[in-house]
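Chemist: Sharing target_37.pdb (PDB, C-alpha atoms and all ligand atoms) below.
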```pdb
ATOM      1  CA  MET A   1     -73.556  14.964 -25.177  1.00  0.00           C
ATOM      2  CA  ARG A   2     -75.476  12.448 -23.079  1.00  0.00           C
ATOM      3  CA  LYS A   3     -75.011  12.237 -19.347  1.00  0.00           C
ATOM      4  CA  LYS A   4     -72.991   9.181 -18.243  1.00  0.00           C
ATOM      5  CA  ILE A   5     -74.286   7.439 -15.156  1.00  0.00           C
ATOM      6  CA  VAL A   6     -73.070   4.575 -13.002  1.00  0.00           C
ATOM      7  CA  ALA A   7     -75.598   3.312 -10.463  1.00  0.00           C
ATOM      8  CA  GLY A   8     -75.235   0.627  -7.828  1.00  0.00           C
ATOM      9  CA  ASN A   9     -78.235  -1.520  -6.999  1.00  0.00           C
ATOM     10  CA  TRP A  10     -77.514  -3.060  -3.627  1.00  0.00           C
ATOM     11  CA  LYS A  11     -80.752  -5.099  -3.661  1.00  0.00           C
ATOM     12  CA  MET A  12     -81.474  -6.785  -0.271  1.00  0.00           C
ATOM     13  CA  ASN A  13     -77.857  -6.841   0.865  1.00  0.00           C
ATOM     14  CA  LEU A  14     -75.589  -5.408   3.598  1.00  0.00           C
ATOM     15  CA  LEU A  15     -76.021  -4.736   7.300  1.00  0.00           C
ATOM     16  CA  LEU A  16     -76.134  -1.200   8.691  1.00  0.00           C
ATOM     17  CA  ASP A  17     -72.413  -0.771   9.376  1.00  0.00           C
ATOM     18  CA  GLU A  18     -71.488  -2.322   6.021  1.00  0.00           C
ATOM     19  CA  ALA A  19     -73.932  -0.057   4.217  1.00  0.00           C
ATOM     20  CA  GLU A  20     -72.588   3.054   5.933  1.00  0.00           C
ATOM     21  CA  LYS A  21     -68.993   2.096   5.143  1.00  0.00           C
ATOM     22  CA  LEU A  22     -69.677   1.326   1.501  1.00  0.00           C
ATOM     23  CA  ASN A  23     -71.562   4.551   0.855  1.00  0.00           C
ATOM     24  CA  ALA A  24     -68.960   6.636   2.708  1.00  0.00           C
ATOM     25  CA  SER A  25     -66.105   4.966   0.871  1.00  0.00           C
ATOM     26  CA  ILE A  26     -67.542   5.664  -2.593  1.00  0.00           C
ATOM     27  CA  ASP A  27     -68.514   9.208  -1.608  1.00  0.00           C
ATOM     28  CA  GLU A  28     -65.015   9.929  -0.361  1.00  0.00           C
ATOM     29  CA  THR A  29     -63.281   8.460  -3.399  1.00  0.00           C
ATOM     30  CA  LEU A  30     -65.480  10.522  -5.695  1.00  0.00           C
ATOM     31  CA  SER A  31     -64.512  13.667  -3.784  1.00  0.00           C
ATOM     32  CA  LYS A  32     -60.851  13.094  -4.688  1.00  0.00           C
ATOM     33  CA  GLY A  33     -61.108  12.372  -8.372  1.00  0.00           C
ATOM     34  CA  ASN A  34     -62.497  13.909 -11.482  1.00  0.00           C
ATOM     35  CA  PHE A  35     -65.145  11.573 -12.835  1.00  0.00           C
ATOM     36  CA  ARG A  36     -67.232  12.408 -15.862  1.00  0.00           C
ATOM     37  CA  CYS A  37     -70.325  10.608 -14.672  1.00  0.00           C
ATOM     38  CA  ASP A  38     -73.080  10.833 -12.102  1.00  0.00           C
ATOM     39  CA  VAL A  39     -73.032   8.124  -9.451  1.00  0.00           C
ATOM     40  CA  TYR A  40     -76.108   6.749  -7.694  1.00  0.00           C
ATOM     41  CA  HIS A  41     -76.668   4.198  -4.943  1.00  0.00           C
ATOM     42  CA  PHE A  42     -80.002   2.413  -4.876  1.00  0.00           C
ATOM     43  CA  ILE A  43     -80.123   1.131  -1.347  1.00  0.00           C
ATOM     44  CA  PRO A  44     -82.514  -0.557   1.113  1.00  0.00           C
ATOM     45  CA  PHE A  45     -85.124   1.810   2.612  1.00  0.00           C
ATOM     46  CA  ILE A  46     -83.759   1.485   6.128  1.00  0.00           C
ATOM     47  CA  TYR A  47     -80.415   3.007   5.140  1.00  0.00           C
ATOM     48  CA  LEU A  48     -81.757   5.895   3.071  1.00  0.00           C
ATOM     49  CA  LYS A  49     -81.909   8.636   5.691  1.00  0.00           C
ATOM     50  CA  GLU A  50     -78.348   8.195   6.894  1.00  0.00           C
ATOM     51  CA  ALA A  51     -77.033   8.013   3.334  1.00  0.00           C
ATOM     52  CA  ILE A  52     -78.999  11.066   2.200  1.00  0.00           C
ATOM     53  CA  ASP A  53     -77.696  13.085   5.144  1.00  0.00           C
ATOM     54  CA  ASN A  54     -74.068  12.104   4.614  1.00  0.00           C
ATOM     55  CA  SER A  55     -73.518  11.859   0.862  1.00  0.00           C
ATOM     56  CA  LYS A  56     -72.049  14.742  -1.055  1.00  0.00           C
ATOM     57  CA  HIS A  57     -71.129  13.089  -4.323  1.00  0.00           C
ATOM     58  CA  VAL A  58     -73.291   9.972  -4.516  1.00  0.00           C
ATOM     59  CA  GLN A  59     -76.960  10.521  -5.267  1.00  0.00           C
ATOM     60  CA  ILE A  60     -79.217   8.321  -3.206  1.00  0.00           C
ATOM     61  CA  GLY A  61     -82.144   6.383  -4.585  1.00  0.00           C
ATOM     62  CA  ALA A  62     -84.761   3.879  -3.430  1.00  0.00           C
ATOM     63  CA  GLN A  63     -85.252   0.477  -5.020  1.00  0.00           C
ATOM     64  CA  ASN A  64     -89.022   0.659  -4.821  1.00  0.00           C
ATOM     65  CA  GLY A  65     -91.919   2.824  -3.673  1.00  0.00           C
ATOM     66  CA  HIS A  66     -95.716   2.759  -3.633  1.00  0.00           C
ATOM     67  CA  PRO A  67     -97.579   5.122  -5.951  1.00  0.00           C
ATOM     68  CA  GLU A  68    -100.319   6.078  -3.462  1.00  0.00           C
ATOM     69  CA  LYS A  69     -99.476   9.021  -1.245  1.00  0.00           C
ATOM     70  CA  ASN A  70    -100.544   7.288   1.968  1.00  0.00           C
ATOM     71  CA  GLY A  71    -103.165   4.873   3.229  1.00  0.00           C
ATOM     72  CA  ALA A  72    -103.853   1.321   4.357  1.00  0.00           C
ATOM     73  CA  TYR A  73    -100.954  -0.469   2.635  1.00  0.00           C
ATOM     74  CA  THR A  74     -99.307  -2.324   5.494  1.00  0.00           C
ATOM     75  CA  GLY A  75     -95.591  -2.710   5.006  1.00  0.00           C
ATOM     76  CA  GLU A  76     -95.332  -0.364   2.040  1.00  0.00           C
ATOM     77  CA  ILE A  77     -93.428   2.896   1.731  1.00  0.00           C
ATOM     78  CA  SER A  78     -94.829   5.610  -0.478  1.00  0.00           C
ATOM     79  CA  ILE A  79     -92.913   7.498  -3.134  1.00  0.00           C
ATOM     80  CA  HIS A  80     -94.261  10.626  -1.447  1.00  0.00           C
ATOM     81  CA  GLN A  81     -92.635   9.609   1.856  1.00  0.00           C
ATOM     82  CA  LEU A  82     -89.365   8.899   0.052  1.00  0.00           C
ATOM     83  CA  ALA A  83     -89.359  12.228  -1.725  1.00  0.00           C
ATOM     84  CA  HIS A  84     -90.208  14.111   1.448  1.00  0.00           C
ATOM     85  CA  MET A  85     -87.179  12.537   3.132  1.00  0.00           C
ATOM     86  CA  GLY A  86     -84.844  13.771   0.392  1.00  0.00           C
ATOM     87  CA  THR A  87     -84.515  10.644  -1.759  1.00  0.00           C
ATOM     88  CA  GLN A  88     -83.292  11.730  -5.173  1.00  0.00           C
ATOM     89  CA  ALA A  89     -84.128   8.807  -7.423  1.00  0.00           C
ATOM     90  CA  ILE A  90     -86.097   5.584  -7.698  1.00  0.00           C
ATOM     91  CA  LEU A  91     -85.794   2.313  -9.594  1.00  0.00           C
ATOM     92  CA  ILE A  92     -89.000   1.332 -11.352  1.00  0.00           C
ATOM     93  CA  GLY A  93     -89.671  -1.828 -13.335  1.00  0.00           C
ATOM     94  CA  HIS A  94     -86.698  -3.899 -12.208  1.00  0.00           C
ATOM     95  CA  SER A  95     -87.194  -7.465 -13.446  1.00  0.00           C
ATOM     96  CA  GLU A  96     -87.041  -8.800  -9.890  1.00  0.00           C
ATOM     97  CA  ARG A  97     -90.033  -6.610  -8.995  1.00  0.00           C
ATOM     98  CA  ARG A  98     -91.860  -7.645 -12.159  1.00  0.00           C
ATOM     99  CA  GLN A  99     -91.161 -11.363 -11.695  1.00  0.00           C
ATOM    100  CA  LEU A 100     -91.029 -11.978  -7.949  1.00  0.00           C
ATOM    101  CA  PHE A 101     -93.600  -9.397  -6.881  1.00  0.00           C
ATOM    102  CA  ASN A 102     -95.896  -9.551  -9.915  1.00  0.00           C
ATOM    103  CA  GLU A 103     -95.664  -5.857 -10.695  1.00  0.00           C
ATOM    104  CA  THR A 104     -97.700  -5.148 -13.804  1.00  0.00           C
ATOM    105  CA  ASN A 105     -97.187  -2.482 -16.450  1.00  0.00           C
ATOM    106  CA  ASP A 106    -100.189  -0.583 -15.094  1.00  0.00           C
ATOM    107  CA  PHE A 107     -98.727  -0.542 -11.601  1.00  0.00           C
ATOM    108  CA  LEU A 108     -95.354   0.553 -12.966  1.00  0.00           C
ATOM    109  CA  LYS A 109     -97.032   3.324 -14.917  1.00  0.00           C
ATOM    110  CA  ALA A 110     -98.697   4.560 -11.717  1.00  0.00           C
ATOM    111  CA  LYS A 111     -95.316   4.572  -9.962  1.00  0.00           C
ATOM    112  CA  VAL A 112     -93.737   6.486 -12.855  1.00  0.00           C
ATOM    113  CA  ASN A 113     -96.458   9.139 -12.675  1.00  0.00           C
ATOM    114  CA  THR A 114     -96.105   9.580  -8.932  1.00  0.00           C
ATOM    115  CA  ALA A 115     -92.312   9.627  -9.026  1.00  0.00           C
ATOM    116  CA  ILE A 116     -92.307  12.314 -11.715  1.00  0.00           C
ATOM    117  CA  ALA A 117     -94.868  14.353  -9.770  1.00  0.00           C
ATOM    118  CA  GLU A 118     -92.656  14.039  -6.676  1.00  0.00           C
ATOM    119  CA  GLN A 119     -89.632  15.150  -8.728  1.00  0.00           C
ATOM    120  CA  LEU A 120     -87.633  11.979  -8.255  1.00  0.00           C
ATOM    121  CA  THR A 121     -85.319  10.885 -11.054  1.00  0.00           C
ATOM    122  CA  VAL A 122     -86.874   7.735 -12.516  1.00  0.00           C
ATOM    123  CA  PHE A 123     -84.572   4.896 -13.537  1.00  0.00           C
ATOM    124  CA  PHE A 124     -86.901   2.743 -15.592  1.00  0.00           C
ATOM    125  CA  CYS A 125     -85.743  -0.839 -16.150  1.00  0.00           C
ATOM    126  CA  CYS A 126     -86.657  -3.021 -19.093  1.00  0.00           C
ATOM    127  CA  GLY A 127     -85.393  -6.314 -20.436  1.00  0.00           C
ATOM    128  CA  GLU A 128     -86.291  -9.673 -21.882  1.00  0.00           C
ATOM    129  CA  SER A 129     -86.139 -13.176 -20.396  1.00  0.00           C
ATOM    130  CA  LEU A 130     -84.083 -15.957 -21.951  1.00  0.00           C
ATOM    131  CA  GLU A 131     -87.198 -17.507 -23.425  1.00  0.00           C
ATOM    132  CA  GLN A 132     -88.195 -14.165 -24.927  1.00  0.00           C
ATOM    133  CA  ARG A 133     -84.664 -13.654 -26.236  1.00  0.00           C
ATOM    134  CA  GLU A 134     -84.992 -16.864 -28.176  1.00  0.00           C
ATOM    135  CA  SER A 135     -88.176 -15.662 -29.851  1.00  0.00           C
ATOM    136  CA  GLU A 136     -87.926 -13.388 -32.849  1.00  0.00           C
ATOM    137  CA  ASP A 137     -89.661 -10.403 -31.379  1.00  0.00           C
ATOM    138  CA  TYR A 138     -87.540  -9.863 -28.268  1.00  0.00           C
ATOM    139  CA  GLU A 139     -86.762  -6.280 -29.241  1.00  0.00           C
ATOM    140  CA  GLN A 140     -90.437  -5.513 -29.561  1.00  0.00           C
ATOM    141  CA  ILE A 141     -91.097  -7.092 -26.143  1.00  0.00           C
ATOM    142  CA  VAL A 142     -88.653  -4.670 -24.537  1.00  0.00           C
ATOM    143  CA  ILE A 143     -90.025  -1.713 -26.463  1.00  0.00           C
ATOM    144  CA  ASN A 144     -93.559  -2.663 -25.416  1.00  0.00           C
ATOM    145  CA  GLN A 145     -92.468  -2.411 -21.779  1.00  0.00           C
ATOM    146  CA  LEU A 146     -91.477   1.186 -22.454  1.00  0.00           C
ATOM    147  CA  LYS A 147     -94.631   1.915 -24.425  1.00  0.00           C
ATOM    148  CA  SER A 148     -96.929   0.603 -21.751  1.00  0.00           C
ATOM    149  CA  ALA A 149     -95.418   2.300 -18.714  1.00  0.00           C
ATOM    150  CA  LEU A 150     -93.390   5.259 -19.941  1.00  0.00           C
ATOM    151  CA  PHE A 151     -94.278   6.626 -23.354  1.00  0.00           C
ATOM    152  CA  HIS A 152     -97.520   8.192 -22.125  1.00  0.00           C
ATOM    153  CA  LEU A 153     -95.419  10.871 -20.410  1.00  0.00           C
ATOM    154  CA  PRO A 154     -95.345  14.325 -21.938  1.00  0.00           C
ATOM    155  CA  GLU A 155     -91.977  15.176 -23.456  1.00  0.00           C
ATOM    156  CA  GLU A 156     -90.843  17.476 -20.667  1.00  0.00           C
ATOM    157  CA  ASP A 157     -91.344  14.676 -18.141  1.00  0.00           C
ATOM    158  CA  PHE A 158     -89.882  11.938 -20.319  1.00  0.00           C
ATOM    159  CA  ARG A 159     -86.702  14.010 -20.623  1.00  0.00           C
ATOM    160  CA  LYS A 160     -86.109  13.441 -16.890  1.00  0.00           C
ATOM    161  CA  VAL A 161     -86.203   9.641 -17.199  1.00  0.00           C
ATOM    162  CA  ILE A 162     -83.155   7.371 -17.359  1.00  0.00           C
ATOM    163  CA  ILE A 163     -83.585   3.960 -18.940  1.00  0.00           C
ATOM    164  CA  ALA A 164     -81.775   0.818 -17.853  1.00  0.00           C
ATOM    165  CA  TYR A 165     -81.747  -2.104 -20.254  1.00  0.00           C
ATOM    166  CA  GLU A 166     -81.178  -5.294 -18.288  1.00  0.00           C
ATOM    167  CA  PRO A 167     -81.531  -8.606 -20.107  1.00  0.00           C
ATOM    168  CA  ILE A 168     -82.993 -10.865 -17.415  1.00  0.00           C
ATOM    169  CA  TRP A 169     -80.804 -13.761 -18.498  1.00  0.00           C
ATOM    170  CA  ALA A 170     -77.735 -11.690 -17.627  1.00  0.00           C
ATOM    171  CA  ILE A 171     -78.791 -10.477 -14.173  1.00  0.00           C
ATOM    172  CA  GLY A 172     -76.818 -12.083 -11.381  1.00  0.00           C
ATOM    173  CA  THR A 173     -75.970 -15.019 -13.647  1.00  0.00           C
ATOM    174  CA  GLY A 174     -72.425 -14.097 -14.580  1.00  0.00           C
ATOM    175  CA  LYS A 175     -73.581 -14.207 -18.215  1.00  0.00           C
ATOM    176  CA  THR A 176     -73.214 -10.821 -19.829  1.00  0.00           C
ATOM    177  CA  ALA A 177     -74.706  -9.619 -23.046  1.00  0.00           C
ATOM    178  CA  SER A 178     -71.867  -9.069 -25.477  1.00  0.00           C
ATOM    179  CA  PRO A 179     -71.090  -5.385 -26.035  1.00  0.00           C
ATOM    180  CA  GLU A 180     -72.515  -5.738 -29.557  1.00  0.00           C
ATOM    181  CA  GLN A 181     -75.726  -7.426 -28.336  1.00  0.00           C
ATOM    182  CA  ALA A 182     -76.223  -4.800 -25.655  1.00  0.00           C
ATOM    183  CA  ASN A 183     -75.458  -1.902 -27.973  1.00  0.00           C
ATOM    184  CA  ALA A 184     -77.837  -3.235 -30.635  1.00  0.00           C
ATOM    185  CA  MET A 185     -80.685  -3.238 -28.117  1.00  0.00           C
ATOM    186  CA  HIS A 186     -79.766   0.253 -26.952  1.00  0.00           C
ATOM    187  CA  ILE A 187     -79.910   1.453 -30.548  1.00  0.00           C
ATOM    188  CA  SER A 188     -83.392  -0.098 -30.931  1.00  0.00           C
ATOM    189  CA  ILE A 189     -84.574   1.502 -27.699  1.00  0.00           C
ATOM    190  CA  ARG A 190     -83.248   4.859 -28.855  1.00  0.00           C
ATOM    191  CA  ALA A 191     -85.043   4.439 -32.178  1.00  0.00           C
ATOM    192  CA  ALA A 192     -88.292   3.729 -30.305  1.00  0.00           C
ATOM    193  CA  ILE A 193     -87.758   6.886 -28.228  1.00  0.00           C
ATOM    194  CA  ALA A 194     -87.165   8.831 -31.449  1.00  0.00           C
ATOM    195  CA  ASP A 195     -90.478   7.482 -32.824  1.00  0.00           C
ATOM    196  CA  ALA A 196     -92.304   8.551 -29.692  1.00  0.00           C
ATOM    197  CA  TYR A 197     -90.593  11.866 -28.902  1.00  0.00           C
ATOM    198  CA  GLY A 198     -88.358  12.802 -31.834  1.00  0.00           C
ATOM    199  CA  ASN A 199     -84.625  12.627 -32.436  1.00  0.00           C
ATOM    200  CA  SER A 200     -83.471  15.352 -30.115  1.00  0.00           C
ATOM    201  CA  VAL A 201     -85.088  13.663 -27.095  1.00  0.00           C
ATOM    202  CA  ALA A 202     -83.742  10.257 -28.164  1.00  0.00           C
ATOM    203  CA  GLU A 203     -80.233  11.629 -28.546  1.00  0.00           C
ATOM    204  CA  THR A 204     -80.206  13.062 -25.042  1.00  0.00           C
ATOM    205  CA  THR A 205     -81.777  10.131 -23.166  1.00  0.00           C
ATOM    206  CA  SER A 206     -79.265   8.167 -21.099  1.00  0.00           C
ATOM    207  CA  ILE A 207     -79.678   4.405 -21.548  1.00  0.00           C
ATOM    208  CA  LEU A 208     -77.738   2.267 -19.070  1.00  0.00           C
ATOM    209  CA  TYR A 209     -76.813  -1.382 -19.394  1.00  0.00           C
ATOM    210  CA  GLY A 210     -77.267  -3.786 -16.480  1.00  0.00           C
ATOM    211  CA  GLY A 211     -76.589  -7.489 -16.024  1.00  0.00           C
ATOM    212  CA  SER A 212     -73.349  -8.955 -14.668  1.00  0.00           C
ATOM    213  CA  CYS A 213     -71.411  -5.802 -15.452  1.00  0.00           C
ATOM    214  CA  LYS A 214     -68.096  -5.999 -13.579  1.00  0.00           C
ATOM    215  CA  PRO A 215     -64.581  -4.532 -13.707  1.00  0.00           C
ATOM    216  CA  SER A 216     -63.440  -7.059 -16.319  1.00  0.00           C
ATOM    217  CA  ASN A 217     -66.137  -6.174 -18.863  1.00  0.00           C
ATOM    218  CA  ALA A 218     -67.169  -2.642 -17.891  1.00  0.00           C
ATOM    219  CA  GLN A 219     -64.727  -0.829 -20.133  1.00  0.00           C
ATOM    220  CA  GLU A 220     -65.913  -2.597 -23.260  1.00  0.00           C
ATOM    221  CA  LEU A 221     -69.623  -2.434 -22.424  1.00  0.00           C
ATOM    222  CA  LEU A 222     -69.781   1.113 -21.146  1.00  0.00           C
ATOM    223  CA  THR A 223     -67.909   2.672 -24.039  1.00  0.00           C
ATOM    224  CA  GLN A 224     -70.249   1.400 -26.772  1.00  0.00           C
ATOM    225  CA  SER A 225     -71.830   4.132 -28.889  1.00  0.00           C
ATOM    226  CA  ASP A 226     -75.289   3.917 -27.319  1.00  0.00           C
ATOM    227  CA  ILE A 227     -74.481   2.698 -23.813  1.00  0.00           C
ATOM    228  CA  ASP A 228     -74.424   5.653 -21.434  1.00  0.00           C
ATOM    229  CA  GLY A 229     -73.539   3.907 -18.210  1.00  0.00           C
ATOM    230  CA  GLY A 230     -74.361   0.918 -16.059  1.00  0.00           C
ATOM    231  CA  LEU A 231     -76.782  -0.336 -13.428  1.00  0.00           C
ATOM    232  CA  ILE A 232     -74.582  -2.545 -11.327  1.00  0.00           C
ATOM    233  CA  GLY A 233     -75.811  -5.208  -8.902  1.00  0.00           C
ATOM    234  CA  GLY A 234     -73.273  -7.643  -7.442  1.00  0.00           C
ATOM    235  CA  ALA A 235     -70.216  -5.583  -8.345  1.00  0.00           C
ATOM    236  CA  SER A 236     -71.580  -2.492  -6.573  1.00  0.00           C
ATOM    237  CA  LEU A 237     -71.197  -4.200  -3.195  1.00  0.00           C
ATOM    238  CA  LYS A 238     -67.402  -4.044  -3.242  1.00  0.00           C
ATOM    239  CA  PRO A 239     -65.967  -0.522  -3.250  1.00  0.00           C
ATOM    240  CA  GLU A 240     -62.911  -1.490  -5.363  1.00  0.00           C
ATOM    241  CA  ASP A 241     -65.079  -3.127  -8.014  1.00  0.00           C
ATOM    242  CA  PHE A 242     -67.638  -0.341  -8.132  1.00  0.00           C
ATOM    243  CA  MET A 243     -64.918   2.322  -8.315  1.00  0.00           C
ATOM    244  CA  SER A 244     -63.170   0.400 -11.048  1.00  0.00           C
ATOM    245  CA  ILE A 245     -66.404   0.461 -13.099  1.00  0.00           C
ATOM    246  CA  ILE A 246     -66.916   4.192 -12.381  1.00  0.00           C
ATOM    247  CA  SER A 247     -63.327   4.795 -13.543  1.00  0.00           C
ATOM    248  CA  THR A 248     -64.410   3.894 -17.075  1.00  0.00           C
ATOM    249  CA  TYR A 249     -65.533   7.526 -17.196  1.00  0.00           C
ATOM    250  CA  GLN A 250     -62.487   9.124 -15.602  1.00  0.00           C
TER     251      GLN A 250
HETATM  252  P1  LIG B 301     -76.074  -7.804 -11.501  1.00  0.00           P
HETATM  253  O1  LIG B 301     -77.474  -7.079 -11.263  1.00  0.00           O
HETATM  254  O2  LIG B 301     -75.071  -6.744 -11.852  1.00  0.00           O
HETATM  255  O3  LIG B 301     -75.758  -8.492 -10.204  1.00  0.00           O
HETATM  256  O4  LIG B 301     -76.267  -8.783 -12.636  1.00  0.00           O
HETATM  257  C1  LIG B 301     -77.868  -5.991 -12.038  1.00  0.00           C
HETATM  258  C2  LIG B 301     -79.248  -5.516 -11.612  1.00  0.00           C
HETATM  259  O5  LIG B 301     -80.103  -6.337 -11.314  1.00  0.00           O
HETATM  260  O6  LIG B 301     -79.502  -4.309 -11.564  1.00  0.00           O
END
```
Go ahead and express the file in the form of structure tokens.
Ligand code: PGA
Modeler:
Amino acid sequence: MRKKIVAGNWKMNLLLDEAEKLNASIDETLSKGNFRCDVYHFIPFIYLKEAIDNSKHVQIGAQNGHPEKNGAYTGEISIHQLAHMGTQAILIGHSERRQLFNETNDFLKAKVNTAIAEQLTVFFCCGESLEQRESEDYEQIVINQLKSALFHLPEEDFRKVIIAYEPIWAIGTGKTASPEQANAMHISIRAAIADAYGNSVAETTSILYGGSCKPSNAQELLTQSDIDGGLIGGASLKPEDFMSIISTYQ
């Protein structure tokens, strides 16, 4: 049985009081119900400490982190600093980091290595652009992202990684991959994991879908055979919407 996970990616949104309220509201609702999934919030750095100290049911993650332990990197925050503060997880390879901040596979690989060494749970994102989708080898493009930044890990470390498949053309666009399209890619990703690590690892790796997942489509997407949860952007900013998505696994 694979672990089901619903994770909110707040991106660069919310002011301090809004962030505190949203995290507290989800944490409290989770305390009252019986949900068969793990819930994470990936939140701006400046809100991490408060959220870590006050969350009992939501696991708190960072949206980014620098692989070097410390040094002359003005404006950066190291994965080591995050881990030391109690951060439980980190997003690596989100398409916005790849595209807007030119993060390369080599840099992502360095982050993966540091995050694993610091015992953070790695949520590794992959996905193709619209242009790539229209080419024939879009599945291979996504699998190459995994090969170049993730598949070097020894099996015991890879087992700790969660994968999020996020077609770039579906992120924040309102366009969602159909459940069949998403599931087909998840099956291909799982097959690639089986090639690299064997069937038993592939069968236990959680692969989340992300990209305009919302209450109206969550049920159908998140119950596909190979979709083990969601990485939710826009819809994670409203407690009712995020809870409605989490309730898929009630
Ligand atoms: P979205 O974002 O749900 O707003 O499309 C998903 C993500 O980028 O993780």
Chemist: Neighbouring residues of Ile143 (chain A) were defined as those with any atom within 9 Å, considering all atoms listed in the file; residues of the same chain fewer than 2 positions away were excluded. Please report them as a list of chain:residue names.
Modeler: A:Cys126, A:Gly127, A:Tyr138, A:Glu139, A:Gln140, A:Ile141, A:Gln145, A:Leu146, A:Lys147, A:Ser148, A:Ser188, A:Ile189, A:Ala192
Chemist: In terms of the shortest atom-to-atom distance over only C-alpha atoms and all ligand atoms, which of A:Lys69, A:His41, A:His186, A:Lys56 is closest to ligand LIG 301 (chain B)?
Modeler: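 Of A:Lys69, A:His41, A:His186, A:Lys56, the one nearest ligand LIG 301 (chain B) is A:His41, counting only C-alpha atoms and all ligand atoms.
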Chemist: Go through A:Glu96, A:Glu128, A:Glu103, A:Glu156 one by one, measure the shortest atom-to-atom distance of each to ligand LIG 301 (chain B) using only C-alpha atoms and all ligand atoms, and give the residue with the smallest value.
Modeler: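 Once distances to ligand LIG 301 (chain B) are computed over only C-alpha atoms and all ligand atoms, the minimum belongs to A:Glu96.
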Chemist: On this structure, the PyMOL selection byres (((chain A and resi 199-214) around 6) and not hetatm) would catch which residues? List them as a PDB file with C-alpha atoms, in the coordinates of the input, sorted by chain and number.
Modeler:
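Once written, part.pdb looks like this:
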```
ATOM      1  CA  ARG A   2     -75.476  12.448 -23.079  1.00  0.00           C
ATOM      2  CA  ILE A 162     -83.155   7.371 -17.359  1.00  0.00           C
ATOM      3  CA  ILE A 163     -83.585   3.960 -18.940  1.00  0.00           C
ATOM      4  CA  ALA A 164     -81.775   0.818 -17.853  1.00  0.00           C
ATOM      5  CA  TYR A 165     -81.747  -2.104 -20.254  1.00  0.00           C
ATOM      6  CA  GLU A 166     -81.178  -5.294 -18.288  1.00  0.00           C
ATOM      7  CA  ALA A 170     -77.735 -11.690 -17.627  1.00  0.00           C
ATOM      8  CA  ILE A 171     -78.791 -10.477 -14.173  1.00  0.00           C
ATOM      9  CA  GLY A 172     -76.818 -12.083 -11.381  1.00  0.00           C
ATOM     10  CA  GLY A 174     -72.425 -14.097 -14.580  1.00  0.00           C
ATOM     11  CA  THR A 176     -73.214 -10.821 -19.829  1.00  0.00           C
ATOM     12  CA  ARG A 190     -83.248   4.859 -28.855  1.00  0.00           C
ATOM     13  CA  ILE A 193     -87.758   6.886 -28.228  1.00  0.00           C
ATOM     14  CA  ALA A 194     -87.165   8.831 -31.449  1.00  0.00           C
ATOM     15  CA  GLY A 198     -88.358  12.802 -31.834  1.00  0.00           C
ATOM     16  CA  PRO A 215     -64.581  -4.532 -13.707  1.00  0.00           C
ATOM     17  CA  SER A 216     -63.440  -7.059 -16.319  1.00  0.00           C
ATOM     18  CA  ASN A 217     -66.137  -6.174 -18.863  1.00  0.00           C
ATOM     19  CA  ALA A 218     -67.169  -2.642 -17.891  1.00  0.00           C
ATOM     20  CA  ILE A 227     -74.481   2.698 -23.813  1.00  0.00           C
ATOM     21  CA  ASP A 228     -74.424   5.653 -21.434  1.00  0.00           C
ATOM     22  CA  GLY A 229     -73.539   3.907 -18.210  1.00  0.00           C
ATOM     23  CA  GLY A 230     -74.361   0.918 -16.059  1.00  0.00           C
ATOM     24  CA  LEU A 231     -76.782  -0.336 -13.428  1.00  0.00           C
ATOM     25  CA  ILE A 232     -74.582  -2.545 -11.327  1.00  0.00           C
ATOM     26  CA  ALA A 235     -70.216  -5.583  -8.345  1.00  0.00           C
TER      27      ALA A 235
END
```
Chemist: For Gln250 (chain A), please output as a list in words all residues within 8 Å (counting all atoms listed in the file; exclusion window: fewer than 6 positions along the same chain).
Modeler: Asn34, Phe35 and Arg36 of chain A
Chemist: Which is closer to Val58 (chain A) than all the others in A:Met185, A:Ala177, A:Met243, A:Ala117, using only C-alpha atoms?
Modeler: A:Met243
Chemist: To verify the selection step, state as a ChimeraX atom specification which residues the PyMOL selection byres (((chain A and resi 75-82) around 8) and not hetatm) yields on this input.
Modeler: /A:62,65-70,73-74,83-87,111,114-115,118
Chemist: Edge lengths and centre, in Å to one decimal, as AutoDock Vina command-line options: that's what I need for the box along x, y and z that holds all listed atoms of ligand LIG 301 (chain B) plus 8 Å on each side.
Modeler:
```
--center_x -77.6 --center_y -6.5 --center_z -11.4 --size_x 21.0 --size_y 20.5 --size_z 18.4
```
Chemist: I'd like the interatomic distance between CA of Ser95 (chain A) and CA of Phe123 (chain A), to a tenth of an Å.
Modeler: 12.6 Å
